[in-house]
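K.L.:
Pasting in a structure now, in structure tokens, and then I'll have a few things to ask.
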Amino acid sequence: MEPAKWKLPKFVRNQYFLTFLAFILWVTLFDRVSIPLRFKQRSDNRKIEQEIEILEKKILELEKTISAFKTSADSIEKFAREHYFMKRDDEVIYTLD
């Protein structure tokens with residue numbers, strides 16, 4: 001009696017099938033547009049979209065600040081005093097940490 005051999009179906013032993021299988025593996029794993037690379041690009045894209053949303057919100061806040069500066073000189077003075085510690089000539093400012 002012969003030892004049991006693995007009998008592969010005939011279509012698996014076909015050279016065209018093996019070539020096609022090698023091509024599919026190459027395209028999905030090693031090519032420029034491989035599946036792992038696609039997942040990485042998709043996650044990077046989501047991160048960038050979230051960053052865009054955050055930056056758009058900041059832009060809206062800054063546009064509100066700019067419009068407030070255009071309408072009132074008091075708001076400009078308040079901003080300068082709070083952020084740059086500007087003062088009038090006859091004032092003394094004490095900063096507390």
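As shown in the structure tokens, the chain order sets the letters A, B, ...; within each chain, residues go from 1, and ligands are also counted from 1 in the order they appear.
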For the structure I just gave you, how does DSSP split chain A - specifically, which residues are helix (DSSP H, G or I)? Reply as an mmCIF file with N, CA and C atoms, in the first residue's frame.
P.N.:
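And here is the file that came out, out-v7.cif:
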```cif
data_model
loop_
_atom_site.group_PDB
_atom_site.id
_atom_site.type_symbol
_atom_site.label_atom_id
_atom_site.label_comp_id
_atom_site.auth_asym_id
_atom_site.auth_seq_id
_atom_site.Cartn_x
_atom_site.Cartn_y
_atom_site.Cartn_z
ATOM 1 N N GLN A 15 -1.315 25.838 -14.283
ATOM 2 C CA GLN A 15 -0.328 26.921 -14.223
ATOM 3 C C GLN A 15 -0.992 28.293 -14.292
ATOM 4 N N TYR A 16 -2.092 28.402 -15.003
ATOM 5 C CA TYR A 16 -2.786 29.688 -15.087
ATOM 6 C C TYR A 16 -3.435 30.052 -13.760
ATOM 7 N N PHE A 17 -3.982 29.070 -13.087
ATOM 8 C CA PHE A 17 -4.565 29.310 -11.770
ATOM 9 C C PHE A 17 -3.494 29.768 -10.785
ATOM 10 N N LEU A 18 -2.352 29.102 -10.793
ATOM 11 C CA LEU A 18 -1.263 29.490 -9.894
ATOM 12 C C LEU A 18 -0.739 30.887 -10.208
ATOM 13 N N THR A 19 -0.658 31.214 -11.476
ATOM 14 C CA THR A 19 -0.227 32.553 -11.876
ATOM 15 C C THR A 19 -1.243 33.597 -11.416
ATOM 16 N N PHE A 20 -2.517 33.304 -11.613
ATOM 17 C CA PHE A 20 -3.565 34.218 -11.175
ATOM 18 C C PHE A 20 -3.539 34.391 -9.661
ATOM 19 N N LEU A 21 -3.353 33.315 -8.930
ATOM 20 C CA LEU A 21 -3.289 33.375 -7.472
ATOM 21 C C LEU A 21 -2.092 34.202 -7.011
ATOM 22 N N ALA A 22 -0.946 34.005 -7.659
ATOM 23 C CA ALA A 22 0.239 34.802 -7.314
ATOM 24 C C ALA A 22 -0.001 36.284 -7.605
ATOM 25 N N PHE A 23 -0.665 36.581 -8.715
ATOM 26 C CA PHE A 23 -0.979 37.965 -9.064
ATOM 27 C C PHE A 23 -1.896 38.608 -8.024
ATOM 28 N N ILE A 24 -2.928 37.894 -7.616
ATOM 29 C CA ILE A 24 -3.871 38.416 -6.623
ATOM 30 C C ILE A 24 -3.154 38.668 -5.292
ATOM 31 N N LEU A 25 -2.312 37.744 -4.869
ATOM 32 C CA LEU A 25 -1.555 37.948 -3.627
ATOM 33 C C LEU A 25 -0.632 39.157 -3.739
ATOM 34 N N TRP A 26 0.021 39.290 -4.875
ATOM 35 C CA TRP A 26 0.933 40.429 -5.064
ATOM 36 C C TRP A 26 0.172 41.748 -4.995
ATOM 37 N N VAL A 27 -0.960 41.828 -5.668
ATOM 38 C CA VAL A 27 -1.733 43.068 -5.712
ATOM 39 C C VAL A 27 -2.299 43.415 -4.338
ATOM 40 N N THR A 28 -2.776 42.425 -3.607
ATOM 41 C CA THR A 28 -3.409 42.711 -2.319
ATOM 42 C C THR A 28 -2.402 42.972 -1.206
ATOM 43 N N LEU A 29 -1.210 42.427 -1.285
ATOM 44 C CA LEU A 29 -0.278 42.557 -0.168
ATOM 45 C C LEU A 29 0.935 43.441 -0.446
ATOM 46 N N PHE A 30 1.455 43.439 -1.646
ATOM 47 C CA PHE A 30 2.728 44.093 -1.887
ATOM 48 C C PHE A 30 2.675 45.274 -2.841
ATOM 49 N N ILE A 35 -3.883 46.393 0.355
ATOM 50 C CA ILE A 35 -4.953 46.504 1.353
ATOM 51 C C ILE A 35 -4.446 47.128 2.657
ATOM 52 N N PRO A 36 -3.311 46.695 3.217
ATOM 53 C CA PRO A 36 -2.846 47.360 4.443
ATOM 54 C C PRO A 36 -2.572 48.854 4.242
ATOM 55 N N LEU A 37 -2.051 49.206 3.087
ATOM 56 C CA LEU A 37 -1.800 50.615 2.807
ATOM 57 C C LEU A 37 -3.110 51.382 2.702
ATOM 58 N N ARG A 38 -4.124 50.777 2.131
ATOM 59 C CA ARG A 38 -5.438 51.414 2.035
ATOM 60 C C ARG A 38 -6.005 51.705 3.426
ATOM 61 N N PHE A 39 -5.895 50.742 4.351
ATOM 62 C CA PHE A 39 -6.396 50.963 5.707
ATOM 63 C C PHE A 39 -5.648 52.101 6.385
ATOM 64 N N LYS A 40 -4.342 52.150 6.198
ATOM 65 C CA LYS A 40 -3.547 53.220 6.798
ATOM 66 C C LYS A 40 -3.943 54.572 6.218
ATOM 67 N N GLN A 41 -4.128 54.643 4.913
ATOM 68 C CA GLN A 41 -4.527 55.892 4.283
ATOM 69 C C GLN A 41 -5.909 56.322 4.745
ATOM 70 N N ARG A 42 -6.803 55.375 4.932
ATOM 71 C CA ARG A 42 -8.147 55.708 5.394
ATOM 72 C C ARG A 42 -8.102 56.282 6.816
ATOM 73 N N SER A 43 -7.292 55.694 7.691
ATOM 74 C CA SER A 43 -7.203 56.228 9.055
ATOM 75 C C SER A 43 -6.534 57.596 9.056
ATOM 76 N N ASP A 44 -5.521 57.784 8.217
ATOM 77 C CA ASP A 44 -4.892 59.102 8.100
ATOM 78 C C ASP A 44 -5.890 60.136 7.583
ATOM 79 N N ASN A 45 -6.718 59.727 6.649
ATOM 80 C CA ASN A 45 -7.718 60.624 6.095
ATOM 81 C C ASN A 45 -8.718 61.053 7.170
ATOM 82 N N ARG A 46 -9.134 60.117 8.024
ATOM 83 C CA ARG A 46 -10.064 60.456 9.114
ATOM 84 C C ARG A 46 -9.431 61.447 10.085
ATOM 85 N N LYS A 47 -8.150 61.234 10.408
ATOM 86 C CA LYS A 47 -7.464 62.155 11.314
ATOM 87 C C LYS A 47 -7.388 63.553 10.718
ATOM 88 N N ILE A 48 -7.098 63.632 9.436
ATOM 89 C CA ILE A 48 -6.996 64.930 8.775
ATOM 90 C C ILE A 48 -8.353 65.612 8.722
ATOM 91 N N GLU A 49 -9.416 64.855 8.476
ATOM 92 C CA GLU A 49 -10.750 65.446 8.456
ATOM 93 C C GLU A 49 -11.132 65.992 9.832
ATOM 94 N N GLN A 50 -10.773 65.280 10.896
ATOM 95 C CA GLN A 50 -11.048 65.777 12.245
ATOM 96 C C GLN A 50 -10.257 67.060 12.518
ATOM 97 N N GLU A 51 -9.023 67.092 12.067
ATOM 98 C CA GLU A 51 -8.205 68.284 12.254
ATOM 99 C C GLU A 51 -8.790 69.476 11.478
ATOM 100 N N ILE A 52 -9.322 69.211 10.295
ATOM 101 C CA ILE A 52 -9.950 70.266 9.505
ATOM 102 C C ILE A 52 -11.154 70.835 10.238
ATOM 103 N N GLU A 53 -11.968 69.965 10.841
ATOM 104 C CA GLU A 53 -13.131 70.434 11.594
ATOM 105 C C GLU A 53 -12.706 71.319 12.760
ATOM 106 N N ILE A 54 -11.669 70.919 13.481
ATOM 107 C CA ILE A 54 -11.181 71.706 14.608
ATOM 108 C C ILE A 54 -10.692 73.066 14.135
ATOM 109 N N LEU A 55 -9.940 73.078 13.047
ATOM 110 C CA LEU A 55 -9.407 74.332 12.532
ATOM 111 C C LEU A 55 -10.512 75.236 11.998
ATOM 112 N N GLU A 56 -11.556 74.665 11.408
ATOM 113 C CA GLU A 56 -12.676 75.481 10.950
ATOM 114 C C GLU A 56 -13.392 76.142 12.116
ATOM 115 N N LYS A 57 -13.508 75.433 13.239
ATOM 116 C CA LYS A 57 -14.111 76.039 14.431
ATOM 117 C C LYS A 57 -13.250 77.181 14.950
ATOM 118 N N LYS A 58 -11.935 77.004 14.945
ATOM 119 C CA LYS A 58 -11.043 78.073 15.380
ATOM 120 C C LYS A 58 -11.147 79.282 14.461
ATOM 121 N N ILE A 59 -11.287 79.028 13.165
ATOM 122 C CA ILE A 59 -11.423 80.128 12.208
ATOM 123 C C ILE A 59 -12.684 80.926 12.501
ATOM 124 N N LEU A 60 -13.790 80.236 12.799
ATOM 125 C CA LEU A 60 -15.027 80.936 13.127
ATOM 126 C C LEU A 60 -14.863 81.792 14.376
ATOM 127 N N GLU A 61 -14.176 81.264 15.391
ATOM 128 C CA GLU A 61 -13.947 82.036 16.611
ATOM 129 C C GLU A 61 -13.101 83.270 16.315
ATOM 130 N N LEU A 62 -12.071 83.108 15.505
ATOM 131 C CA LEU A 62 -11.214 84.248 15.174
ATOM 132 C C LEU A 62 -11.944 85.283 14.329
ATOM 133 N N GLU A 63 -12.819 84.831 13.450
ATOM 134 C CA GLU A 63 -13.611 85.775 12.660
ATOM 135 C C GLU A 63 -14.541 86.592 13.554
ATOM 136 N N LYS A 64 -15.098 85.964 14.591
ATOM 137 C CA LYS A 64 -15.927 86.708 15.545
ATOM 138 C C LYS A 64 -15.088 87.748 16.283
ATOM 139 N N THR A 65 -13.880 87.364 16.676
ATOM 140 C CA THR A 65 -12.990 88.297 17.365
ATOM 141 C C THR A 65 -12.626 89.467 16.459
ATOM 142 N N ILE A 66 -12.338 89.179 15.217
ATOM 143 C CA ILE A 66 -11.982 90.240 14.273
ATOM 144 C C ILE A 66 -13.151 91.186 14.065
ATOM 145 N N SER A 67 -14.340 90.642 13.931
ATOM 146 C CA SER A 67 -15.505 91.521 13.749
ATOM 147 C C SER A 67 -15.744 92.367 14.996
ATOM 148 N N ALA A 68 -15.460 91.815 16.173
ATOM 149 C CA ALA A 68 -15.592 92.614 17.401
ATOM 150 C C ALA A 68 -14.548 93.725 17.425
ATOM 151 N N PHE A 69 -13.355 93.459 16.949
ATOM 152 C CA PHE A 69 -12.315 94.483 16.903
ATOM 153 C C PHE A 69 -12.680 95.594 15.922
ATOM 154 N N LYS A 70 -13.324 95.235 14.831
ATOM 155 C CA LYS A 70 -13.694 96.245 13.829
ATOM 156 C C LYS A 70 -14.806 97.156 14.323
ATOM 157 N N THR A 71 -15.659 96.662 15.205
ATOM 158 C CA THR A 71 -16.807 97.445 15.645
ATOM 159 C C THR A 71 -16.510 98.304 16.866
ATOM 160 N N ALA A 73 -13.492 100.020 19.596
ATOM 161 C CA ALA A 73 -12.103 100.268 20.006
ATOM 162 C C ALA A 73 -11.866 99.745 21.422
ATOM 163 N N ASP A 74 -12.936 99.688 22.220
ATOM 164 C CA ASP A 74 -12.791 99.176 23.592
ATOM 165 C C ASP A 74 -12.371 97.700 23.582
ATOM 166 N N SER A 75 -12.871 96.931 22.629
ATOM 167 C CA SER A 75 -12.502 95.519 22.578
ATOM 168 C C SER A 75 -11.025 95.359 22.206
ATOM 169 N N ILE A 76 -10.504 96.244 21.360
ATOM 170 C CA ILE A 76 -9.083 96.195 21.025
ATOM 171 C C ILE A 76 -8.246 96.501 22.257
ATOM 172 N N GLU A 77 -8.657 97.514 23.000
ATOM 173 C CA GLU A 77 -7.921 97.876 24.211
ATOM 174 C C GLU A 77 -7.968 96.746 25.242
ATOM 175 N N LYS A 78 -9.123 96.152 25.408
ATOM 176 C CA LYS A 78 -9.269 95.046 26.353
ATOM 177 C C LYS A 78 -8.367 93.876 25.961
ATOM 178 N N PHE A 79 -8.347 93.531 24.680
ATOM 179 C CA PHE A 79 -7.506 92.438 24.202
ATOM 180 C C PHE A 79 -6.033 92.747 24.448
ATOM 181 N N ALA A 80 -5.603 93.961 24.137
ATOM 182 C CA ALA A 80 -4.203 94.340 24.322
ATOM 183 C C ALA A 80 -3.815 94.300 25.795
ATOM 184 N N ARG A 81 -4.701 94.749 26.663
ATOM 185 C CA ARG A 81 -4.400 94.731 28.101
ATOM 186 C C ARG A 81 -4.314 93.287 28.627
ATOM 187 N N GLU A 82 -5.205 92.418 28.181
ATOM 188 C CA GLU A 82 -5.226 91.049 28.690
ATOM 189 C C GLU A 82 -4.078 90.198 28.154
ATOM 190 N N HIS A 83 -3.774 90.326 26.891
ATOM 191 C CA HIS A 83 -2.810 89.415 26.269
ATOM 192 C C HIS A 83 -1.387 89.969 26.207
ATOM 193 N N TYR A 84 -1.254 91.274 26.083
ATOM 194 C CA TYR A 84 0.080 91.852 25.915
ATOM 195 C C TYR A 84 0.491 92.739 27.090
#
```
